[in-house]
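So this block is my_file_10.cif, mmCIF, C-alpha atoms:
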data_structure
#
loop_
_atom_site.label_atom_id
_atom_site.label_comp_id
_atom_site.auth_asym_id
_atom_site.auth_seq_id
_atom_site.Cartn_x
_atom_site.Cartn_y
_atom_site.Cartn_z
CA MET A 1 -8.86 -32.21 6.97
CA THR A 2 -10.51 -30.01 9.57
CA THR A 3 -8.55 -27.23 11.21
CA ASP A 4 -9.59 -25.09 14.13
CA ILE A 5 -9.59 -21.37 13.26
CA ARG A 6 -9.07 -19.27 16.37
CA ASP A 7 -7.16 -16.39 17.95
CA ILE A 8 -3.43 -16.76 18.41
CA PRO A 9 -2.66 -15.80 22.01
CA GLU A 10 0.40 -13.78 22.98
CA ALA A 11 2.06 -16.97 24.24
CA HIS A 12 1.98 -18.39 20.69
CA VAL A 13 3.25 -15.33 18.81
CA ASP A 14 6.80 -16.67 18.51
CA ARG A 15 5.46 -19.93 17.08
CA ALA A 16 3.39 -17.97 14.57
CA LEU A 17 6.47 -15.99 13.55
CA ASP A 18 8.39 -19.24 13.08
CA LEU A 19 5.68 -20.40 10.66
CA ALA A 20 5.75 -17.12 8.74
CA HIS A 21 9.54 -17.26 8.40
CA LEU A 22 9.30 -20.88 7.23
CA ALA A 23 6.64 -20.05 4.64
CA PHE A 24 8.51 -16.99 3.29
CA HIS A 25 11.98 -18.62 3.48
CA VAL A 26 13.22 -15.87 5.79
CA THR A 27 15.98 -15.91 8.36
CA ALA A 28 15.31 -12.92 10.60
CA GLY A 29 17.95 -11.38 12.84
CA ASP A 30 17.23 -10.56 16.45
CA ALA A 31 16.42 -6.90 15.77
CA THR A 32 13.97 -7.74 12.96
CA ARG A 33 12.29 -10.44 15.00
CA LYS A 34 11.91 -8.07 17.95
CA ARG A 35 10.20 -5.46 15.74
CA GLN A 36 7.93 -8.07 14.16
CA ARG A 37 6.89 -9.39 17.54
CA GLU A 38 6.07 -5.88 18.75
CA LEU A 39 4.02 -5.31 15.61
CA LEU A 40 2.05 -8.53 16.08
CA LEU A 41 1.27 -7.84 19.72
CA ASN A 42 -0.76 -4.84 18.53
CA ALA A 43 -2.53 -6.66 15.68
CA GLU A 44 -5.39 -9.12 15.32
CA ARG A 45 -3.96 -12.63 15.02
CA VAL A 46 -5.86 -15.45 13.36
CA GLY A 47 -4.45 -18.94 13.42
CA ALA A 48 -5.33 -22.31 11.93
CA TYR A 49 -4.56 -25.11 14.37
CA ASP A 50 -4.14 -28.81 13.59
CA ASP A 51 -4.48 -30.18 17.08
CA GLU A 52 -2.12 -27.72 18.85
CA GLU A 53 0.20 -27.12 15.89
CA ILE A 54 -0.12 -23.74 14.15
CA VAL A 55 -0.44 -24.56 10.43
CA GLY A 56 -1.82 -21.22 9.25
CA PHE A 57 -1.37 -17.64 10.36
CA ALA A 58 -2.70 -14.23 9.33
CA ALA A 59 -2.43 -10.87 11.07
CA ALA A 60 -4.63 -7.83 10.49
CA HIS A 61 -3.71 -4.27 11.45
CA ARG A 62 -6.59 -1.88 12.17
CA LEU A 63 -5.78 1.22 10.14
CA GLY A 64 -7.35 4.03 8.17
CA LEU A 65 -6.94 4.00 4.38
CA SER A 66 -7.18 7.22 2.41
CA VAL A 67 -9.84 7.04 -0.32
CA PRO A 68 -11.01 9.78 -2.70
CA GLY A 69 -12.62 12.40 -0.51
CA GLY A 70 -11.68 10.99 2.87
CA GLU A 71 -10.67 7.89 4.82
CA LEU A 72 -12.21 4.51 5.65
CA PRO A 73 -11.37 1.87 8.27
CA ALA A 74 -9.39 -0.99 6.77
CA ALA A 75 -7.80 -4.29 7.70
CA GLU A 76 -4.23 -4.43 6.45
CA LEU A 77 -3.36 -8.12 6.20
CA ASP A 78 0.15 -9.21 7.06
CA PHE A 79 2.21 -12.38 7.66
CA VAL A 80 -0.35 -14.50 5.76
CA SER A 81 1.21 -17.96 5.70
CA VAL A 82 0.35 -21.65 5.54
CA ALA A 83 2.60 -24.54 6.54
CA PRO A 84 3.99 -26.36 3.47
CA THR A 85 2.53 -29.60 4.87
CA HIS A 86 -1.00 -28.14 4.85
CA ARG A 87 -1.26 -26.34 1.51
CA ARG A 88 -4.39 -26.77 -0.64
CA ARG A 89 -6.44 -28.04 2.28
CA GLY A 90 -8.66 -25.02 2.86
CA VAL A 91 -6.50 -23.45 5.57
CA LEU A 92 -6.20 -20.06 3.87
CA THR A 93 -9.89 -20.07 2.92
CA GLY A 94 -10.83 -20.68 6.54
CA MET A 95 -8.64 -17.87 7.84
CA MET A 96 -9.90 -15.42 5.21
CA GLY A 97 -13.50 -16.27 6.11
CA GLU A 98 -12.76 -15.46 9.74
CA LEU A 99 -11.12 -12.17 8.74
CA TRP A 100 -14.19 -11.20 6.67
CA ARG A 101 -16.41 -11.97 9.66
CA ARG A 102 -14.29 -9.71 11.86
CA CYS A 103 -14.31 -6.91 9.28
CA ALA A 104 -18.10 -7.02 9.21
CA ALA A 105 -18.34 -7.04 13.00
CA ASP A 106 -15.96 -4.06 13.30
CA ASN A 107 -17.52 -2.11 10.40
CA ARG A 108 -14.35 -2.16 8.27
CA PRO A 109 -15.41 -2.01 4.59
CA LEU A 110 -11.91 -2.42 3.12
CA ALA A 111 -9.03 -4.86 3.34
CA CYS A 112 -5.61 -4.50 1.76
CA LEU A 113 -2.30 -6.31 1.49
CA TRP A 114 0.99 -6.52 -0.38
CA ALA A 115 0.92 -9.81 -2.27
CA SER A 116 3.94 -12.13 -2.21
CA GLU A 117 2.16 -14.47 -4.64
CA GLU A 118 -0.26 -12.50 -6.77
CA ALA A 119 -2.10 -15.53 -8.16
CA ILE A 120 -3.44 -16.38 -4.71
CA TYR A 121 -5.39 -13.29 -3.76
CA GLY A 122 -7.57 -12.67 -6.79
CA ARG A 123 -9.76 -15.60 -5.83
CA PHE A 124 -10.40 -13.90 -2.49
CA GLY A 125 -11.60 -10.70 -4.18
CA PHE A 126 -8.40 -8.63 -4.05
CA GLY A 127 -7.40 -6.53 -7.05
CA PRO A 128 -4.19 -4.55 -7.67
CA ALA A 129 -5.41 -1.00 -6.94
CA THR A 130 -2.10 0.90 -6.94
CA GLU A 131 1.07 0.72 -8.99
CA ALA A 132 4.64 1.61 -8.04
CA TYR A 133 7.72 2.31 -10.13
CA HIS A 134 11.32 1.49 -9.32
CA VAL A 135 13.38 4.50 -10.41
CA GLU A 136 17.13 4.92 -10.78
CA ILE A 137 19.07 8.17 -11.27
CA ASN A 138 22.60 8.22 -12.66
CA THR A 139 24.39 10.73 -10.42
CA THR A 140 27.83 10.66 -11.98
CA ARG A 141 26.79 14.08 -13.33
CA PRO A 142 24.42 16.77 -11.90
CA LEU A 143 20.71 16.06 -12.14
CA ASP A 144 19.35 17.87 -15.19
CA LEU A 145 15.91 19.44 -14.56
CA ARG A 146 13.42 21.43 -16.61
CA ILE A 147 12.19 23.45 -13.62
CA THR A 148 13.87 25.55 -10.94
CA PRO A 149 14.02 23.79 -7.56
CA ASP A 150 12.69 25.44 -4.42
CA ARG A 151 15.53 27.55 -3.05
CA GLY A 152 14.58 27.03 0.59
CA PRO A 153 17.22 25.76 3.02
CA LEU A 154 17.84 22.03 3.47
CA ARG A 155 18.62 20.62 6.90
CA LEU A 156 19.34 17.16 8.28
CA LEU A 157 17.34 15.93 11.26
CA ALA A 158 18.12 13.12 13.67
CA PRO A 159 15.60 10.39 12.81
CA ALA A 160 14.48 10.13 16.43
CA ASP A 161 13.52 13.83 16.41
CA ALA A 162 11.91 13.91 12.95
CA ARG A 163 8.37 12.64 13.56
CA THR A 164 6.83 16.00 14.50
CA VAL A 165 8.13 17.50 11.24
CA LEU A 166 7.45 14.56 8.92
CA ALA A 167 4.01 13.44 10.14
CA PRO A 168 2.09 16.60 9.05
CA LEU A 169 3.66 16.40 5.58
CA TYR A 170 2.72 12.75 5.28
CA GLU A 171 -0.87 13.51 6.31
CA ALA A 172 -1.05 16.26 3.68
CA GLY A 173 0.07 13.70 1.10
CA ARG A 174 -2.62 11.27 2.27
CA ALA A 175 -5.26 13.93 1.72
CA ARG A 176 -4.15 14.23 -1.91
CA ARG A 177 -3.91 10.55 -2.78
CA GLY A 178 -5.93 7.43 -2.15
CA GLY A 179 -4.31 4.21 -1.00
CA ARG A 180 -2.25 5.59 1.86
CA LEU A 181 -2.40 4.08 5.33
CA SER A 182 -2.67 5.95 8.61
CA ARG A 183 0.40 6.09 10.82
CA ASP A 184 0.45 6.29 14.58
CA GLU A 185 3.28 7.17 16.91
CA ALA A 186 4.38 3.53 17.11
CA TRP A 187 4.72 3.39 13.30
CA TRP A 188 6.98 6.43 13.23
CA ARG A 189 9.01 5.08 16.13
CA ARG A 190 9.66 1.84 14.22
CA ALA A 191 10.44 3.62 10.94
CA LEU A 192 12.72 6.22 12.52
CA ARG A 193 14.32 4.00 15.12
CA PRO A 194 17.84 4.80 16.38
CA ASP A 195 20.57 3.34 14.18
CA ASP A 196 21.92 1.04 16.88
CA GLU A 197 18.58 -0.80 16.99
CA ASP A 198 19.21 -2.20 13.50
CA GLY A 199 21.94 -4.44 14.86
CA ASP A 200 23.04 -7.12 12.39
CA ASP A 201 19.97 -6.46 10.20
CA ALA A 202 21.27 -3.12 8.89
CA LYS A 203 22.10 -3.33 5.18
CA ASP A 204 22.37 0.11 3.63
CA GLY A 205 23.73 2.32 6.37
CA PRO A 206 21.77 4.35 8.92
CA ALA A 207 18.57 6.20 8.04
CA ARG A 208 19.03 9.87 7.17
CA VAL A 209 16.31 12.51 7.10
CA VAL A 210 16.57 15.69 5.05
CA VAL A 211 13.92 18.42 5.34
CA LEU A 212 13.24 21.38 3.08
CA GLY A 213 12.36 24.63 4.86
CA ASP A 214 13.32 26.96 7.68
CA LYS A 215 13.37 25.58 11.19
CA ASP A 216 10.68 27.97 12.41
CA ALA A 217 8.27 27.47 9.49
CA PRO A 218 6.27 24.49 8.18
CA ALA A 219 8.48 22.21 6.06
CA ALA A 220 7.81 21.96 2.32
CA GLY A 221 9.06 18.40 1.98
CA TYR A 222 11.30 15.65 3.27
CA ALA A 223 13.20 12.56 2.20
CA VAL A 224 14.23 9.51 4.21
CA TYR A 225 17.20 7.71 2.69
CA ARG A 226 20.21 5.49 3.31
CA VAL A 227 23.65 5.42 1.65
CA GLY A 228 25.18 2.01 0.99
CA GLU A 229 28.85 1.09 0.88
CA LYS A 230 28.85 0.89 -2.94
CA GLY A 231 27.76 4.50 -3.36
CA THR A 232 24.03 3.92 -3.86
CA VAL A 233 21.53 6.26 -2.24
CA THR A 234 18.35 4.34 -1.47
CA VAL A 235 15.27 6.55 -1.02
CA GLU A 236 12.79 5.07 1.42
CA GLU A 237 10.27 7.90 1.20
CA LEU A 238 9.94 11.37 -0.29
CA GLU A 239 7.09 13.80 0.32
CA ALA A 240 6.82 17.28 -1.15
CA ASP A 241 4.17 19.99 -1.23
CA ASP A 242 4.74 20.77 -4.91
CA ALA A 243 7.03 20.15 -7.89
CA PRO A 244 9.72 22.76 -6.96
CA ALA A 245 9.99 21.22 -3.48
CA ALA A 246 10.28 17.74 -4.99
CA ALA A 247 12.94 19.03 -7.42
CA ALA A 248 14.97 20.42 -4.51
CA LEU A 249 14.90 17.11 -2.66
CA TRP A 250 15.75 14.95 -5.70
CA SER A 251 18.57 17.37 -6.57
CA TYR A 252 19.97 17.05 -3.05
CA LEU A 253 19.83 13.24 -3.16
CA ALA A 254 21.56 13.21 -6.55
CA SER A 255 24.38 15.48 -5.31
CA ILE A 256 25.58 13.57 -2.24
CA ASP A 257 29.35 13.16 -2.39
CA LEU A 258 30.96 9.76 -3.06
CA THR A 259 27.80 8.28 -4.59
CA ARG A 260 27.02 7.19 -8.14
CA LYS A 261 23.34 6.25 -8.16
CA VAL A 262 20.04 7.07 -6.51
CA GLN A 263 17.40 4.35 -6.37
CA ALA A 264 13.83 4.51 -5.14
CA TRP A 265 11.96 1.24 -4.95
CA ALA A 266 8.49 2.76 -4.81
CA VAL A 267 7.59 5.91 -6.72
CA ALA A 268 4.08 6.89 -7.84
CA PRO A 269 3.53 6.57 -11.61
CA ASP A 270 2.63 10.28 -11.74
CA ASP A 271 5.57 11.45 -9.61
CA PRO A 272 6.66 14.86 -10.97
CA LEU A 273 10.29 13.65 -11.18
CA LEU A 274 9.35 11.60 -14.23
CA HIS A 275 8.19 14.76 -16.00
CA PHE A 276 10.56 17.50 -14.87
CA ALA A 277 13.70 15.41 -15.42
CA ALA A 278 15.29 16.85 -18.57
CA ASP A 279 17.08 13.63 -19.52
CA ARG A 280 15.15 10.40 -19.21
CA ASP A 281 18.32 8.45 -19.89
CA GLN A 282 19.56 9.85 -16.59
CA VAL A 283 16.27 9.18 -14.74
CA ARG A 284 14.98 5.76 -15.70
CA VAL A 285 12.05 3.58 -14.66
CA THR A 286 13.69 0.19 -14.22
CA GLY A 287 10.67 -1.73 -12.97
CA GLN A 288 7.00 -1.49 -12.15
CA TRP A 289 4.82 -3.61 -9.93
CA PRO A 290 1.32 -3.71 -8.47
CA ALA A 291 1.83 -2.41 -4.97
CA MET A 292 -1.23 -2.47 -2.71
CA TRP A 293 -4.00 -5.00 -3.41
CA LEU A 294 -7.44 -3.87 -2.27
CA ARG A 295 -10.60 -5.77 -1.37
CA LEU A 296 -14.04 -4.17 -1.03
CA VAL A 297 -15.43 -6.12 1.92
CA ASP A 298 -18.60 -4.01 2.01
CA VAL A 299 -19.13 -2.79 -1.55
CA ALA A 300 -22.11 -0.58 -0.75
CA ARG A 301 -20.40 1.31 2.06
CA ALA A 302 -17.15 1.67 0.14
CA LEU A 303 -18.83 3.13 -2.94
CA THR A 304 -21.08 5.53 -1.07
CA ALA A 305 -18.26 6.78 1.19
CA ARG A 306 -15.85 7.97 -1.52
CA SER A 307 -16.12 11.16 -3.56
CA TRP A 308 -17.12 11.21 -7.24
CA ALA A 309 -15.69 13.37 -10.00
CA ALA A 310 -18.66 13.27 -12.40
CA PRO A 311 -22.32 12.17 -12.49
CA VAL A 312 -23.00 8.50 -13.19
CA ASP A 313 -26.16 6.35 -13.14
CA LEU A 314 -25.45 2.70 -13.97
CA VAL A 315 -26.53 -0.81 -12.96
CA LEU A 316 -23.65 -3.05 -11.89
CA GLU A 317 -23.89 -6.83 -11.79
CA VAL A 318 -21.28 -7.86 -9.24
CA ARG A 319 -19.93 -11.37 -8.67
CA ASP A 320 -18.46 -12.17 -5.24
CA ALA A 321 -17.82 -15.84 -4.48
CA SER A 322 -16.53 -15.17 -0.94
CA LEU A 323 -19.04 -12.59 0.31
CA PRO A 324 -22.50 -13.25 -1.19
CA ALA A 325 -23.97 -10.07 0.32
CA ASN A 326 -21.99 -8.10 -2.26
CA ALA A 327 -23.26 -10.16 -5.19
CA GLY A 328 -26.19 -9.19 -7.39
CA ARG A 329 -27.42 -6.27 -9.44
CA PHE A 330 -27.19 -2.79 -7.93
CA ARG A 331 -27.90 0.68 -9.23
CA LEU A 332 -25.08 3.13 -8.59
CA THR A 333 -26.16 6.75 -8.71
CA ALA A 334 -23.43 9.23 -7.93
CA ASP A 335 -22.24 12.78 -8.52
CA PRO A 336 -19.94 15.22 -6.69
CA SER A 337 -22.60 15.71 -4.00
CA GLY A 338 -22.77 12.03 -2.99
CA ALA A 339 -23.76 8.51 -4.00
CA ALA A 340 -26.44 5.85 -3.56
CA TYR A 341 -26.09 2.12 -4.19
CA ALA A 342 -29.14 -0.13 -3.96
CA PRO A 343 -30.37 -3.51 -5.26
CA THR A 344 -32.35 -3.41 -8.49
CA GLY A 345 -34.01 -5.73 -10.96
CA ASP A 346 -33.06 -3.56 -13.93
CA PRO A 347 -30.73 -4.94 -16.62
CA ALA A 348 -27.04 -4.50 -15.93
CA ASP A 349 -24.90 -1.96 -17.77
CA LEU A 350 -21.67 -3.59 -16.55
CA ALA A 351 -20.98 -7.10 -15.23
CA LEU A 352 -17.80 -7.63 -13.24
CA ASP A 353 -16.11 -9.53 -10.46
CA VAL A 354 -15.54 -7.82 -7.10
CA ARG A 355 -11.76 -8.10 -7.62
CA ASP A 356 -12.00 -5.86 -10.69
CA LEU A 357 -14.29 -3.38 -8.95
CA SER A 358 -11.79 -3.33 -6.07
CA ALA A 359 -8.91 -2.62 -8.46
CA CYS A 360 -10.74 0.37 -9.97
CA TYR A 361 -12.11 1.76 -6.71
CA LEU A 362 -9.30 4.25 -5.94
CA GLY A 363 -9.22 5.60 -9.49
CA GLY A 364 -5.86 4.17 -10.52
CA VAL A 365 -7.12 1.44 -12.87
CA ARG A 366 -9.30 2.27 -15.86
CA LEU A 367 -12.37 0.05 -16.05
CA ARG A 368 -12.40 0.22 -19.83
CA ARG A 369 -8.94 -1.37 -19.92
CA LEU A 370 -10.44 -4.35 -18.12
CA VAL A 371 -13.26 -4.39 -20.67
CA HIS A 372 -10.65 -4.51 -23.44
CA ALA A 373 -8.92 -7.36 -21.59
CA GLY A 374 -12.14 -9.39 -21.48
CA LEU A 375 -12.41 -9.23 -17.69
CA VAL A 376 -15.42 -6.89 -17.48
CA GLU A 377 -18.51 -7.21 -19.65
CA GLU A 378 -19.88 -3.92 -20.96
CA ARG A 379 -23.54 -4.56 -21.79
CA THR A 380 -24.38 -0.92 -22.46
CA PRO A 381 -21.92 0.76 -24.85
CA GLY A 382 -20.01 3.58 -23.16
CA ALA A 383 -20.86 2.47 -19.61
CA ALA A 384 -17.22 1.79 -18.67
CA ARG A 385 -16.11 5.22 -19.88
CA LEU A 386 -18.85 6.87 -17.79
CA LEU A 387 -17.80 5.02 -14.66
CA ASP A 388 -14.13 5.80 -15.31
CA ALA A 389 -14.95 9.51 -15.50
CA ALA A 390 -16.82 9.34 -12.20
CA LEU A 391 -13.99 7.43 -10.47
CA GLU A 392 -11.23 9.74 -11.72
CA THR A 393 -8.96 11.46 -9.20
CA GLU A 394 -6.55 14.39 -9.48
CA TYR A 395 -3.61 12.26 -8.30
CA LEU A 396 -3.13 8.55 -8.87
CA PRO A 397 -3.46 6.37 -5.78
CA PHE A 398 -0.16 5.26 -4.32
CA ALA A 399 0.97 2.98 -1.54
CA GLY A 400 4.67 2.49 -1.12
CA GLU A 401 4.76 0.47 2.06
CA GLY A 402 2.84 -1.58 4.54
CA SER A 403 2.96 -1.54 8.32
#
Any chance you could give the structure as structure tokens?
Amino acid sequence: MTTDIRDIPEAHVDRALDLAHLAFHVTAGDATRKRQRELLLNAERVGAYDDEEIVGFAAAHRLGLSVPGGELPAAELDFVSVAPTHRRRGVLTGMMGELWRRCAADNRPLACLWASEEAIYGRFGFGPATEAYHVEINTTRPLDLRITPDRGPLRLLAPADARTVLAPLYEAGRARRGGRLSRDEAWWRRALRPDDEDGDDAKDGPARVVVLGDKDAPAAGYAVYRVGEKGTVTVEELEADDAPAAAALWSYLASIDLTRKVQAWAVAPDDPLLHFAADRDQVRVTGQWPAMWLRLVDVARALTARSWAAPVDLVLEVRDASLPANAGRFRLTADPSGAAYAPTGDPADLALDVRDLSACYLGGVRLRRLVHAGLVEERTPGAARLLDAALETEYLPFAGEGS
């Protein structure tokens, strides 16, 4: 079967959304559908057409992704869906090929997504580059901590007025960690929308915003949360300058009256809460999952644009079935002052697929673990450990949400 891969015009956006909801078994309320439509109108939209029927759909948001030492342009993929009548017919492969072409034309070396079916995306070169924990706190008693929380004042802000306070703190967090997406004014407006815009889609009560710090000084942290009818506080996001600030915010969330539990669906594996909590029976990790999947679309640019923690001089033999320009043997020479990556005929020290290089790129996945798993071939003993040391970052990469 031959499908026509082309832009989805604005007039077809509702049809594309219908396909996405069909593929993901979603029934969206009016408020959700309105927000999704607004989001798609500001995104690239690639469709697969069988005659004039949309049988495949993928959106790409043009964003910046924080990487060690800076930021790179990225395509965040969204709404990737194929009609159930057209599965396993090359529809997704065709759309991905078009997205790679657009990334190259727009000089975007990275692509990322949140995978609904993880088995699909490895064959397109994506690797799980960040990890997130689901954390629950039993709040039937006060939160027991090993450190003293910041004693600064806490104040509640109306969500609609919170962006100017929250955005600088979020940007500071992006500078510390890889894997975090840029946010524009439209993102904050969607995330901090007035409560009455939720309509019938609201599930856990209105969004609340608590900020740590005096009104006339820069805030030290914030949390966005909701309180459900059954006494569960759901934390959507928490940012803090340091551990005492984080302790103050977690303590506040755990002390809200008429609640019994705090849950956070996405917490970084190195979140200080998991260390300064005095009782790990009270603060428990109840799940973990690969959050953001990353794809190095332009391996050379991605590697030479990030910072490096230690010197390394190795030859990598990279396999890339989708983007042959990335495939071959290349010498990576890097140190804290910069990096070079060029083709070579020298024997390889490491042989790996681009999906595994993508997973390790932000410093959250140890290459030597993939060697132990039989996924990466170490041809020179110790090569994986050397590359791990060079890729290491102070904070683990983290991505708790998409667009």
**Q.** Selection dump of the PyMOL selection byres ((chain A and resi 319) around 8), as a ChimeraX atom specification
**A.** /A:317-318,320-321,326-328,351-354
Using only C-alpha atoms, the residue out of A:Gly374, A:Pro347, A:Pro290, A:Gly152 with shortest distance to Leu316 (chain A) is A:Pro347
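Relative to CA of Asp356 (chain A), CA of Arg368 (chain A) is found at 11.0 Å.
For the choices A:Arg306, A:Arg189, A:Arg45, A:Arg385, the atom-to-atom distance to Thr164 (chain A) is smallest for A:Arg189 when using all atoms listed in the file.
Residues matched by the PyMOL selection byres ((chain A and resi 304) around 8) in this file are Ala300, Arg301, Ala302, Leu303, Ala305, Arg306, Ser307, Gly338, Ala339, Ala340 and Tyr341 of chain A.
Nearest residue to Val67 (chain A) among A:Leu367, A:Leu296, A:Val91, A:Val26 is A:Leu296, counting only C-alpha atoms.
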If we count all atoms listed in the file and set the cut-off at 6 Å, which residues sit around region 134-141 of chain A, ignoring sequence neighbours fewer than 6 positions away in its own chain? Please answer as a list in words.
Ala254, Arg260, Lys261, Val262, Gln263, Ala264, Trp265, Ala266, Gln282, Val283, Arg284, Val285, Thr286, Gly287 and Gln288 of chain A
| said: Running the PyMOL selection byres ((chain A and resi 71-86) around 7) on this model by hand, what would come out? Give it as number ranges by chain. | reply: A: 19-20, 23, 55-67, 70, 87-89, 92, 108-113
